[in-house]
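Before any comments, here is the structure.
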Amino acid sequence: MNIISWNINGIRAITKKNFYEWVLKQNPAILCLQEIKATDEQTTQLLQVFKNFDIFSNSADKKGYSGTALLSRIKPLLVTRSKEFMKIDQEGRVICAEFPNFFLINVYVPNSGLKLKRLDYRKKWDSVFLNYITHLKKQKSVLICGDLNVAHQAIDLKNDKANYNKTAGYTQVEIDGINNILNSGFVDSFRHLYPDKIAYTYWNYRFNARAKNSGWRIDYILVDVILKNSIKEASIFSDVFGSDHCPIGVQLDLM
């Protein structure tokens, strides 16, 4: 099973940038998209080119902001959106698809903002999300795909010391948040296979950051520890453009 996740930074913009062709070439079983920045109707219309996928989206109450979409060749048993189970989220940040043997969660975790003005909200959001996935894990295995908006370790960003506890995405509060998820029974699929490899998934549009490869790894596919032996490959497609993030992927033997 090939799963792709990508923060596309606006679906209307990326569909003009070779997005369709790249996704079709990858031929994923499941495609998770974050930061759609469009209504559910607009999202569905722009994704209709993917004829063999069921399409689900979760738009924010605020137009042109946040949002997630999930496309699957395998028909889910049930799809739920964060407004149904996370009252703290009105920004379309989570979609959960239930399959016979696992849940798959597509998530766009809130950014803590300039001067960390949203850090308290982020801490509360992380707690609510952890409770949710803990509840799901009692039923069956869980996969978590998306932009978690945190660099987990020093290896996961270019300038770790300059950013620690000063910049959104690398505070101890946010690091504790991802540690709590991992400690609840998940493995970081990329680090599981490549513990020492430096690779980034996000580059600021300013300062020529991508050309300098001054980036952050803040996009993840976390796999239930029960399924860790099913991880066959984990990829970061850093040569794919169109967003300030690049796509990531995992190949799992779940059959």
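Chain lettering (A, B, ...) mirrors the order of the structure tokens, residue numbering begins at 1 for each chain separately, and ligand numbering begins at 1 in order of display.
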
Original post:
Quick one: residues within 7 Å of region 198-213 of chain A, only C-alpha atoms counted, chain neighbours fewer than 2 positions away excluded, as a list of chain:residue names?
Top reply: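 Here the answer would be A:Ile155, A:Asp156, A:Asp196, A:Gly215, A:Trp216, A:Arg217, A:Ile218, A:Asp219, A:Ile236, A:Ser238, A:Asp244, A:His245, A:Cys246.
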
Subject >> Residue neighbourhood region 133-148 of chain A, 8 Å, only C-alpha atoms, exclusion window fewer than 2 positions, as a PyMOL selection string >> reply: chain A and resi 5-7+32-34+101-110+129-131+150+184+218-224+226-227

**OP:** Might you pull out every residue within 10 Å of Ile175 (chain A), with only C-alpha atoms counted and same-chain residues fewer than 2 positions away left off, and present them as a PyMOL selection string?
**Re:** chain A and resi 149-153+165+169-173+177-180

**OP:** Please identify all polymer residues within 10 Å of Ser189 (chain A), counting only C-alpha atoms, omitting same-chain residues fewer than 2 positions from it, and present them as an MDAnalysis selection string.
**Re:** chainID A and resid 186:187 191:195 220:225 228 231:235 249:252

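Here CA of Ser82 (chain A) and CA of Ala38 (chain A) stand 16.5 Å from one another.
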
**OP:** Could you find all residues in region 175-208 of chain A that DSSP calls strand (DSSP E or B) from the backbone, and write them as a PyMOL selection string?
**Re:** chain A and resi 186-188+202

**OP:** Could you tell me how far CA of Arg73 (chain A) lies from CA of Thr44 (chain A), in Å and to one decimal?
**Re:** 15.2 Å
